[in-house]
Structures are given as structure tokens and as C-alpha cells.
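*Asks:* To be precise about what I am sending: the file is called final.cif and holds mmCIF, C-alpha atoms.
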data_data
loop_
_atom_site.label_atom_id
_atom_site.label_comp_id
_atom_site.auth_asym_id
_atom_site.auth_seq_id
_atom_site.Cartn_x
_atom_site.Cartn_y
_atom_site.Cartn_z
CA MET O 48 80.58 83.06 110.99
CA LYS O 49 79.83 85.71 113.63
CA GLU O 50 82.36 87.38 115.92
CA ILE O 51 81.51 88.39 119.47
CA ALA O 52 83.66 90.75 121.57
CA VAL O 53 84.13 89.88 125.23
CA ARG O 54 85.63 92.53 127.52
CA THR O 55 86.96 90.96 130.71
CA THR O 56 87.48 93.04 133.85
CA SER O 57 89.62 90.79 136.09
CA HIS O 58 92.75 88.70 135.77
CA THR O 59 90.81 85.43 135.99
CA GLN O 60 87.12 85.51 135.18
CA PHE O 61 84.39 83.26 133.76
CA VAL O 62 81.91 85.25 131.63
CA ASN O 63 78.49 83.81 130.71
CA ILE O 64 78.12 84.31 126.93
CA ASP O 65 74.84 82.41 126.30
CA ALA O 66 72.84 85.48 125.29
CA ARG O 67 75.48 86.75 122.86
CA VAL O 68 75.93 83.33 121.25
CA GLU O 69 72.15 82.98 120.86
CA ASP O 70 72.03 86.44 119.22
CA ALA O 71 74.64 85.18 116.74
CA ILE O 72 72.60 82.01 116.07
CA ALA O 73 69.49 84.13 115.46
CA ALA O 74 71.43 86.41 113.08
CA MET O 75 72.53 83.33 111.13
CA GLY O 76 68.92 82.04 111.05
CA ILE O 77 69.78 78.53 112.27
CA ARG O 78 66.89 76.69 113.97
CA ASP O 79 68.38 73.21 114.48
CA GLY O 80 71.91 71.89 114.27
CA LEU O 81 75.21 72.26 116.06
CA CYS O 82 76.82 75.49 117.26
CA HIS O 83 80.62 75.69 117.33
CA VAL O 84 81.97 78.41 119.61
CA PHE O 85 85.72 79.02 119.18
CA VAL O 86 88.15 81.16 121.22
CA PRO O 87 91.03 82.44 119.01
CA HIS O 88 93.40 83.07 121.95
CA THR O 89 95.96 81.03 123.89
CA THR O 90 95.47 82.36 127.45
CA ALA O 91 91.67 82.18 127.47
CA GLY O 92 89.43 79.17 126.90
CA ILE O 93 85.80 78.19 126.96
CA THR O 94 83.78 75.72 129.00
CA ILE O 95 80.25 74.84 130.03
CA ASN O 96 79.19 74.84 133.67
CA GLU O 97 76.59 75.80 136.26
CA ASN O 98 74.85 79.16 136.00
CA ALA O 99 72.78 79.00 139.21
CA ASP O 100 75.23 79.45 142.10
CA PRO O 101 78.09 81.88 141.32
CA ASP O 102 80.17 80.03 143.93
CA VAL O 103 80.63 77.21 141.39
CA VAL O 104 82.57 79.41 139.02
CA ALA O 105 84.59 80.87 141.92
CA ASP O 106 85.44 77.35 143.11
CA MET O 107 86.42 76.29 139.58
CA ILE O 108 88.85 79.21 139.33
CA GLN O 109 90.33 78.31 142.72
CA ALA O 110 90.64 74.59 141.89
CA LEU O 111 92.36 75.32 138.58
CA GLU O 112 94.80 77.63 140.41
CA ARG O 113 95.59 74.80 142.85
CA ALA O 114 96.13 72.29 140.02
CA VAL O 115 98.17 74.75 137.92
CA PRO O 116 99.70 77.44 140.18
CA TRP O 117 100.47 80.85 138.67
CA GLN O 118 103.99 80.79 140.18
CA ALA O 119 105.88 77.58 139.54
CA HIS O 120 109.33 78.21 138.05
CA TYR O 121 108.02 78.46 134.49
CA ALA O 122 110.41 79.35 131.68
CA HIS O 123 108.04 81.52 129.58
CA ALA O 124 109.28 85.10 130.02
CA GLU O 125 105.81 86.68 129.83
CA GLY O 126 105.02 85.05 133.18
CA ASN O 127 101.59 83.74 132.12
CA ALA O 128 102.43 80.07 131.45
CA ALA O 129 99.70 78.93 133.87
CA ALA O 130 97.10 80.76 131.77
CA HIS O 131 98.16 78.77 128.69
CA VAL O 132 97.80 75.47 130.57
CA LYS O 133 94.41 76.31 132.11
CA ALA O 134 93.08 77.41 128.71
CA SER O 135 94.13 74.07 127.17
CA MET O 136 92.50 72.21 130.09
CA MET O 137 89.15 73.95 129.56
CA GLY O 138 89.52 73.86 125.77
CA PHE O 139 89.35 76.43 122.97
CA SER O 140 85.97 75.44 121.59
CA GLN O 141 82.67 73.96 122.65
CA THR O 142 80.09 72.41 120.35
CA VAL O 143 76.52 72.66 121.60
CA PRO O 144 73.28 71.38 120.04
CA ILE O 145 70.85 74.03 118.72
CA ARG O 146 67.10 73.42 119.04
CA GLY O 147 64.48 75.97 117.99
CA GLY O 148 67.18 78.59 117.50
CA LYS O 149 68.45 78.27 121.09
CA LEU O 150 71.42 76.52 122.68
CA ALA O 151 70.01 73.15 123.75
CA PHE O 152 71.50 73.02 127.21
CA GLY O 153 70.78 70.92 130.27
CA THR O 154 68.89 72.68 133.09
CA TRP O 155 71.93 74.18 134.84
CA GLN O 156 74.32 74.60 131.90
CA SER O 157 75.68 77.84 130.46
CA LEU O 158 78.60 78.65 128.20
CA TYR O 159 81.48 80.43 129.95
CA PHE O 160 84.30 82.36 128.32
CA CYS O 161 87.30 81.63 130.60
CA GLU O 162 89.71 84.55 130.98
CA PHE O 163 93.00 83.44 132.54
CA ASP O 164 95.20 86.49 131.81
CA GLY O 165 92.97 89.56 131.81
CA PRO O 166 91.64 92.07 131.85
CA ARG O 167 91.58 92.17 128.04
CA THR O 168 89.24 92.60 125.11
CA ARG O 169 88.78 89.17 123.58
CA LYS O 170 87.03 87.59 120.61
CA VAL O 171 84.75 84.57 120.23
CA TRP O 172 83.82 83.07 116.84
CA VAL O 173 80.43 81.41 116.38
CA GLN O 174 79.76 79.06 113.46
CA CYS O 175 76.77 76.75 112.95
CA VAL O 176 76.11 73.51 111.09
CA PRO O 177 72.39 73.02 110.26
CA ALA O 178 70.83 69.66 111.19
CA MET U 132 88.92 61.71 105.63
CA LYS U 133 92.69 62.10 105.46
CA GLU U 134 95.20 60.38 107.70
CA ILE U 135 98.43 62.05 108.80
CA ALA U 136 101.37 60.18 110.35
CA VAL U 137 103.17 61.86 113.25
CA ARG U 138 106.50 60.42 114.37
CA THR U 139 107.40 61.59 117.87
CA THR U 140 110.99 61.52 119.10
CA SER U 141 110.67 62.03 122.88
CA HIS U 142 108.63 60.59 125.73
CA THR U 143 106.57 63.78 126.11
CA GLN U 144 106.42 66.14 123.17
CA PHE U 145 104.08 68.68 121.57
CA VAL U 146 104.33 68.62 117.76
CA ASN U 147 102.96 71.50 115.64
CA ILE U 148 100.81 69.89 112.91
CA ASP U 149 99.30 73.02 111.28
CA ALA U 150 101.05 72.53 107.93
CA ARG U 151 100.09 68.87 107.63
CA VAL U 152 96.46 69.54 108.55
CA GLU U 153 96.29 72.38 106.01
CA ASP U 154 97.72 70.03 103.35
CA ALA U 155 94.88 67.61 104.17
CA ILE U 156 92.31 70.43 103.92
CA ALA U 157 93.73 71.43 100.53
CA ALA U 158 93.61 67.81 99.32
CA MET U 159 89.93 67.68 100.32
CA GLY U 160 89.28 70.97 98.52
CA ILE U 161 87.45 72.62 101.42
CA ARG U 162 87.53 76.46 101.40
CA ASP U 163 85.19 77.31 104.29
CA GLY U 164 83.75 75.24 107.10
CA LEU U 165 84.93 73.34 110.15
CA CYS U 166 87.95 71.05 110.42
CA HIS U 167 87.79 68.14 112.87
CA VAL U 168 91.18 66.75 113.85
CA PHE U 169 91.00 63.46 115.75
CA VAL U 170 93.71 61.46 117.55
CA PRO U 171 92.89 57.69 117.54
CA HIS U 172 95.10 56.90 120.55
CA THR U 173 94.69 56.84 124.33
CA THR U 174 98.10 58.09 125.52
CA ALA U 175 98.36 61.04 123.12
CA GLY U 176 95.98 63.97 122.72
CA ILE U 177 95.64 67.21 120.82
CA THR U 178 95.41 70.85 121.86
CA ILE U 179 95.78 74.37 120.57
CA ASN U 180 98.36 76.75 122.04
CA GLU U 181 101.05 79.35 121.42
CA ASN U 182 103.49 78.86 118.56
CA ALA U 183 105.74 81.88 119.18
CA ASP U 184 107.79 81.09 122.29
CA PRO U 185 108.78 77.39 122.57
CA ASP U 186 108.98 77.89 126.36
CA VAL U 187 105.17 77.86 126.46
CA VAL U 188 105.00 74.27 125.30
CA ALA U 189 107.83 73.28 127.67
CA ASP U 190 105.98 74.94 130.58
CA MET U 191 102.73 73.18 129.61
CA ILE U 192 104.47 69.80 129.69
CA GLN U 193 105.97 70.61 133.10
CA ALA U 194 102.66 71.89 134.55
CA LEU U 195 100.79 68.80 133.35
CA GLU U 196 103.47 66.61 134.97
CA ARG U 197 102.98 68.50 138.26
CA ALA U 198 99.19 68.11 138.11
CA VAL U 199 99.37 64.44 137.04
CA PRO U 200 102.73 62.93 138.13
CA TRP U 201 104.13 59.99 136.17
CA GLN U 202 104.77 58.05 139.40
CA ALA U 203 101.80 57.96 141.76
CA HIS U 204 100.91 54.42 142.84
CA TYR U 205 98.84 53.72 139.74
CA ALA U 206 97.35 50.26 139.23
CA HIS U 207 97.75 50.02 135.41
CA ALA U 208 100.56 47.52 134.81
CA GLU U 209 101.90 49.24 131.70
CA GLY U 210 103.05 52.12 133.93
CA ASN U 211 101.70 54.87 131.66
CA ALA U 212 98.50 55.78 133.51
CA ALA U 213 99.55 59.44 133.69
CA ALA U 214 99.71 59.55 129.89
CA HIS U 215 96.08 58.41 129.69
CA VAL U 216 94.96 61.15 132.11
CA LYS U 217 96.95 63.93 130.41
CA ALA U 218 95.57 62.90 127.00
CA SER U 219 91.99 63.11 128.33
CA MET U 220 92.75 66.52 129.86
CA MET U 221 93.98 67.93 126.53
CA GLY U 222 91.32 66.06 124.57
CA PHE U 223 91.31 63.68 121.60
CA SER U 224 89.97 66.11 119.02
CA GLN U 225 89.93 69.79 118.18
CA THR U 226 87.48 71.48 115.85
CA VAL U 227 88.84 74.57 114.12
CA PRO U 228 87.14 76.96 111.66
CA ILE U 229 88.43 76.89 108.05
CA ARG U 230 88.54 80.13 106.06
CA GLY U 231 89.96 80.37 102.55
CA GLY U 232 91.29 76.82 102.79
CA LYS U 233 93.35 77.60 105.92
CA LEU U 234 92.86 76.94 109.63
CA ALA U 235 91.26 80.15 110.91
CA PHE U 236 93.38 80.61 113.99
CA GLY U 237 93.99 83.52 116.32
CA THR U 238 97.34 85.28 115.92
CA TRP U 239 99.32 83.03 118.26
CA GLN U 240 97.44 79.74 117.89
CA SER U 241 98.70 76.49 116.43
CA LEU U 242 97.50 72.91 116.61
CA TYR U 243 99.71 70.62 118.71
CA PHE U 244 99.75 66.84 118.69
CA CYS U 245 100.48 65.94 122.35
CA GLU U 246 102.65 62.85 122.81
CA PHE U 247 102.57 61.62 126.42
CA ASP U 248 104.10 58.14 126.00
CA GLY U 249 106.55 58.27 123.12
CA PRO U 250 108.55 58.02 121.10
CA ARG U 251 106.05 56.36 118.75
CA THR U 252 104.60 56.63 115.26
CA ARG U 253 101.10 58.01 115.65
CA LYS U 254 98.11 58.82 113.46
CA VAL U 255 95.85 61.87 113.16
CA TRP U 256 92.55 61.84 111.23
CA VAL U 257 91.33 65.01 109.50
CA GLN U 258 87.71 65.41 108.43
CA CYS U 259 85.96 68.58 107.23
CA VAL U 260 82.40 69.87 107.20
CA PRO U 261 81.83 72.54 104.50
CA ALA U 262 80.15 75.80 105.60
CA MET N 272 68.90 63.84 117.85
CA LYS N 273 68.71 60.75 120.05
CA GLU N 274 68.73 60.69 123.84
CA ILE N 275 70.40 57.93 125.83
CA ALA N 276 69.78 57.33 129.55
CA VAL N 277 72.80 56.41 131.67
CA ARG N 278 72.19 55.11 135.19
CA THR N 279 75.31 55.39 137.31
CA THR N 280 75.78 53.29 140.43
CA SER N 281 78.73 54.91 142.22
CA HIS N 282 79.80 58.38 143.24
CA THR N 283 82.56 58.50 140.64
CA GLN N 284 82.33 56.14 137.70
CA PHE N 285 83.33 55.94 134.03
CA VAL N 286 80.68 54.11 131.95
CA ASN N 287 81.48 52.77 128.47
CA ILE N 288 78.65 54.00 126.19
CA ASP N 289 79.98 52.85 122.77
CA ALA N 290 77.19 50.33 122.14
CA ARG N 291 74.42 52.75 123.05
CA VAL N 292 75.87 55.53 120.90
CA GLU N 293 76.23 53.14 117.96
CA ASP N 294 72.58 52.10 118.41
CA ALA N 295 71.64 55.78 118.16
CA ILE N 296 73.78 56.20 115.01
CA ALA N 297 72.07 53.14 113.46
CA ALA N 298 68.62 54.52 114.35
CA MET N 299 69.56 57.78 112.58
CA GLY N 300 70.80 55.83 109.55
CA ILE N 301 74.14 57.64 109.33
CA ARG N 302 76.92 55.67 107.58
CA ASP N 303 79.73 58.25 107.36
CA GLY N 304 80.25 61.58 109.06
CA LEU N 305 80.82 62.96 112.52
CA CYS N 306 79.04 61.96 115.72
CA HIS N 307 78.59 64.62 118.43
CA VAL N 308 77.91 63.18 121.89
CA PHE N 309 76.81 65.80 124.42
CA VAL N 310 76.31 65.56 128.20
CA PRO N 311 73.64 68.05 129.41
CA HIS N 312 74.87 68.11 133.02
CA THR N 313 77.44 70.09 135.03
CA THR N 314 78.83 67.41 137.38
CA ALA N 315 79.33 64.72 134.74
CA GLY N 316 81.42 64.85 131.59
CA ILE N 317 82.53 62.65 128.73
CA THR N 318 85.93 61.47 127.51
CA ILE N 319 87.59 58.85 125.35
CA ASN N 320 90.08 56.38 126.80
CA GLU N 321 91.31 52.80 126.99
CA ASN N 322 88.77 49.97 127.11
CA ALA N 323 91.21 47.05 127.55
CA ASP N 324 92.54 47.27 131.12
CA PRO N 325 89.93 48.50 133.65
CA ASP N 326 92.83 49.74 135.81
CA VAL N 327 93.24 52.65 133.38
CA VAL N 328 89.85 54.08 134.25
CA ALA N 329 90.46 53.48 137.97
CA ASP N 330 93.80 55.31 137.71
CA MET N 331 92.18 58.19 135.83
CA ILE N 332 89.60 58.62 138.59
CA GLN N 333 92.36 58.57 141.22
CA ALA N 334 94.58 61.04 139.31
CA LEU N 335 91.68 63.47 138.82
CA GLU N 336 90.92 63.26 142.56
CA ARG N 337 94.57 64.11 143.32
CA ALA N 338 94.54 67.08 140.91
CA VAL N 339 91.13 68.32 142.11
CA PRO N 340 90.45 67.04 145.66
CA TRP N 341 86.84 66.60 146.78
CA GLN N 342 87.56 68.49 150.04
CA ALA N 343 89.36 71.78 149.52
CA HIS N 344 87.58 74.69 151.24
CA TYR N 345 85.18 75.24 148.35
CA ALA N 346 82.43 77.87 148.67
CA HIS N 347 79.66 76.03 146.78
CA ALA N 348 77.15 74.95 149.44
CA GLU N 349 76.17 71.72 147.68
CA GLY N 350 79.66 70.37 148.41
CA ASN N 351 80.28 69.02 144.91
CA ALA N 352 82.51 71.76 143.47
CA ALA N 353 85.21 69.22 142.56
CA ALA N 354 82.69 67.39 140.35
CA HIS N 355 82.06 70.58 138.39
CA VAL N 356 85.80 71.10 137.82
CA LYS N 357 86.50 67.49 136.81
CA ALA N 358 83.58 67.55 134.36
CA SER N 359 84.97 70.70 132.70
CA MET N 360 88.43 69.09 132.53
CA MET N 361 87.08 66.02 130.71
CA GLY N 362 84.64 68.10 128.66
CA PHE N 363 80.90 67.99 128.00
CA SER N 364 81.06 66.66 124.47
CA GLN N 365 83.17 64.48 122.23
CA THR N 366 83.07 64.46 118.44
CA VAL N 367 84.04 61.14 116.87
CA PRO N 368 84.26 60.15 113.18
CA ILE N 369 81.65 57.65 111.92
CA ARG N 370 82.66 55.08 109.29
CA GLY N 371 80.31 52.39 108.02
CA GLY N 372 77.77 53.27 110.69
CA LYS N 373 80.26 52.69 113.54
CA LEU N 374 82.34 55.00 115.74
CA ALA N 375 85.70 55.16 113.95
CA PHE N 376 87.94 54.68 116.96
CA GLY N 377 91.58 53.79 117.38
CA THR N 378 92.27 50.21 118.54
CA TRP N 379 92.02 50.87 122.27
CA GLN N 380 89.55 53.76 122.35
CA SER N 381 86.06 53.81 123.81
CA LEU N 382 83.69 56.58 124.81
CA TYR N 383 83.23 56.99 128.57
CA PHE N 384 80.44 58.84 130.34
CA CYS N 385 82.20 60.33 133.41
CA GLU N 386 80.04 60.46 136.54
CA PHE N 387 81.59 62.71 139.20
CA ASP N 388 78.61 63.12 141.58
CA GLY N 389 76.51 59.98 141.41
CA PRO N 390 74.79 57.72 141.64
CA ARG N 391 72.23 59.40 139.38
CA THR N 392 70.20 58.82 136.25
CA ARG N 393 71.80 60.92 133.53
CA LYS N 394 71.21 61.81 129.89
CA VAL N 395 73.43 61.84 126.81
CA TRP N 396 72.42 63.47 123.52
CA VAL N 397 73.68 62.05 120.21
CA GLN N 398 73.58 64.10 117.02
CA CYS N 399 75.27 63.30 113.68
CA VAL N 400 76.53 65.32 110.73
CA PRO N 401 76.70 63.24 107.51
CA ALA N 402 80.00 63.35 105.55
#
Could you show the structure in this file as C-alpha cells?
*Replies:*
Amino acid sequence: MKEIAVRTTSHTQFVNIDARVEDAIAAMGIRDGLCHVFVPHTTAGITINENADPDVVADMIQALERAVPWQAHYAHAEGNAAAHVKASMMGFSQTVPIRGGKLAFGTWQSLYFCEFDGPRTRKVWVQCVPA
Amino acid sequence: MKEIAVRTTSHTQFVNIDARVEDAIAAMGIRDGLCHVFVPHTTAGITINENADPDVVADMIQALERAVPWQAHYAHAEGNAAAHVKASMMGFSQTVPIRGGKLAFGTWQSLYFCEFDGPRTRKVWVQCVPA
Amino acid sequence: MKEIAVRTTSHTQFVNIDARVEDAIAAMGIRDGLCHVFVPHTTAGITINENADPDVVADMIQALERAVPWQAHYAHAEGNAAAHVKASMMGFSQTVPIRGGKLAFGTWQSLYFCEFDGPRTRKVWVQCVPA
């Protein structure tokens, strides 16, 4: 298992972590198999999405805010209930095929750490299962 | 594979199943690896979230109800279409790292069975892949 | 790893892919373990849900459209931002137990490829981890 640190700089932010996950895969020496990328937090998640047009990520953040507004008479005293919901909607782990030591993605896919209550220093855990 | 029974007592309810999943891991004798926890239903799901303040889970239930209202001119005659959508949004499985025979969670994380059309007696399937 | 082609015929469509995934499992000769089904796209996802009443899938499509409307002042020039968000909400992979060479599902469960920006010819990647 390898741990990656992700430092976010905004309240809500999607951070492309492909390169850091592939460094972890290389350090583990896995050529083919499955890569499990896990976020050990409750107000940040992880998803896959388009890496070509940065507007996609901006639109995703906006659409999630519309579906789960930050202000909505929540009970949780910390005031970040929406972050918990959005993180669960994106998920806390992604499993991606590994081929030739790289994440076997479709053409436009990248792995995004999803910060919903930053800025913070966060962790990501990478574990691999050989094929 | 180990099966866990979960008896829910409300229509919509998040049930912490950490202890029961860790019992299953112990029974399988797995010390390190990945734990796959699968819900074999279509109106209940599974997610990870905060175990400290019970308001978080209450807020999550409320936010999901706002995003996917129970009443919304659905076609499905059983009347529980919203439960199907919420279950898909949370997901039907979670994969969590195992370290030292325990679920390797972040500080505030727990595994929640998500009942969206209870009360019912439900099942959860636990399977492990050794590291 | 086995690749499946999925040809969608509508803009938004859930396609049951159980039979094709089980063909891939048979071709790989896996009897027991975990099956990882991955969608290498960013405007299509994958979920599990009910296969009995087709109204369930129709309601799911409608509820996702309500939560994430197609038209909502998005920035992404291609005009399909909602498809990216819905795909992330459903997820890009599902992991399902395999027993006796078959997907070990609950009574009503099936695996659905979720097209959110079709019609297109899409791919699904199936990989298995033996128990």
C-alpha cells in the first residue's frame, strides 16, 4: 500500500491524481492487474472524468452544488453536511485496470480527487491486485 | 464469502456495519488485503461516511430526499422508484483496504448499509482478496 | 481482460449487459471470485438495478434528469456536461461476486450500462480476480 498526499487550495476542487497514482503503481512494481484508490476522508471523494476541457470539472462542481446545496437547513453543527453527501455520491474509492504499469483508462478519462470542504491536506491510499 | 443479515427498523435508515464486517474478515482469517462488501438488493445501497455526529447521517438522508423526492410522478407501480435511484447513487458495493485484520479506515469513516425502502431484513455479502 | 462492445440506440438508455459479462467470465474460465466491470468513457457509466419492471429504469433516467438537468447554464462547449455528472453519480465500474461462473446477484439485480450521451458504440472492460 502506498500513501499519496494531496494538498487542495480551494473549498471545492477536483485534482487530477493520475501521475501520482502511476508513480505508486511503479513503486509497487505492478504491470497488470487492478488498482484500488481509496480516500480515507468523509468530506472528499474520488471519481473519474474528462481531462481535456477544464470546463467539465467546473460544470460537475456546479451541478453537484445544485443537486446538494451547501445551505439547506442541515442539522450537522460543523456546517459541511453537503460535503459529506457529495463525497458519498462520487464515492470513496475507484478501481481501475492496470496495463503495462499504467492506469488503463479510456481516451478522455483521468482520476480526480474531489475536495468538497477544503482547502486541506488530504491522503489517498493506493493498493494493487496483480492480474 | 460470508453473509451478514441486517434488520432495518425504519423506512430510510443508515446502519453502521463495521463490527459485523470485521467479524466476517476475522472468520475468513484475512490480515491484509481488500474487503469487498456487496448489497444484493435494488432499494438499499452501501456507503462510507462519518460515524462521530449522528446528524451527518440524518442530513445525508434529507439531502438525498431533496435530490430524489419520494413522490415525483414515477411510473413504477410499487411506488419506491426513489429508493432504486438513491441506492444506485450510493452504490451497491464498497471496497475497503484491510490492515491487521481490520477495515483500514480514515479517522471518521464507517461503513453504512443504506436502507431506502424499509423496514426489511436485508443481506450483505463480504468477500476478501488477500494482499 | 475481455472487451465487450455496447451499441446504444437512444440519447439516454440503460442496457442490461449481464449475459455479455457472463460470456466474458466463461471465456476467462473463472468459477469463483470477483468480477470488475469498467466503462472507459466519461459520458456513460454503469450501475446495478432492478431487471423485473422496465419502469424502474425509466424512472431512474427521469430522476437523474431532475437532479442534474441537461440544460443548466453549463460552461462545457460540447453541451453534454450533465452526461458527465450523471456518469460520475452512477460510477464507472461495478465489482460483483462470481459464484459457479455466474454473477452472484440478488434476486432482482442486473448490471446496466448507462448511456447518457448516445446513441454511440461503447466499450466495457471485464476483468476477474479468482477467489
*Asks:* Let me make sure I understand: among N:His312, N:His307, N:Lys273, N:Arg278, which one has the smallest atom-to-atom distance to Cys399 of chain N if we use only C-alpha atoms?
*Replies:*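 Nearest candidate to Cys399 of chain N out of N:His312, N:His307, N:Lys273, N:Arg278: N:His307.
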*Asks:* Excluding segment 91-103 of chain O and residues on its chain fewer than 6 positions from it, collect all residues at most 9 Å away from it, counting only C-alpha atoms, and give them as a VMD selection string.
*Replies:* (chain O and resid 61 63 84 to 85 130 to 131 133 to 141 154 to 165 169) or (chain N and resid 312 to 314 345 to 348 351 to 352 355 to 356 358 to 360 362 to 363)
*Asks:* Going by the chain IDs and residue numbers used in this file, which residues fall under the PyMOL selection byres ((chain U and resi 162) around 10)? Write them as a list of chain:residue names.
*Replies:*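 Selection result, ordered by chain and number: U:Ile156, U:Ala157, U:Met159, U:Gly160, U:Ile161, U:Asp163, U:Gly164, U:Leu165, U:Ile229, U:Arg230, U:Gly231, U:Gly232, U:Lys233, U:Leu234, U:Cys259, U:Pro261, U:Ala262.
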*Asks:* Between U:Val257, U:Ala203, U:Val170, U:Ile192, which one has atoms that come closest to chain O, using all atoms listed in the file?
*Replies:*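 Nearest candidate to chain O out of U:Val257, U:Ala203, U:Val170, U:Ile192: U:Ile192.
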*Asks:* Please, which residues are within 7 Å of (91.4, 61.7, 105.0) by the file's coordinates, counting all atoms listed in the file, and could they come as a PDB file with C-alpha atoms, keeping the file's coordinate frame?
*Replies:*
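File point06.pdb, as written:
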ATOM      1  CA  MET U 132      88.920  61.710 105.630  1.00  0.00           C
ATOM      2  CA  LYS U 133      92.690  62.100 105.460  1.00  0.00           C
ATOM      3  CA  GLU U 134      95.200  60.380 107.700  1.00  0.00           C
ATOM      4  CA  ALA U 155      94.880  67.610 104.170  1.00  0.00           C
ATOM      5  CA  TRP U 256      92.550  61.840 111.230  1.00  0.00           C
ATOM      6  CA  VAL U 257      91.330  65.010 109.500  1.00  0.00           C
ATOM      7  CA  GLN U 258      87.710  65.410 108.430  1.00  0.00           C
TER       8      GLN U 258
END
*Asks:* Could you state the separation of atom CA of Pro87 of chain O and atom CA of Ile51 of chain O in Å, given to one decimal place?
*Replies:* 11.2 Å
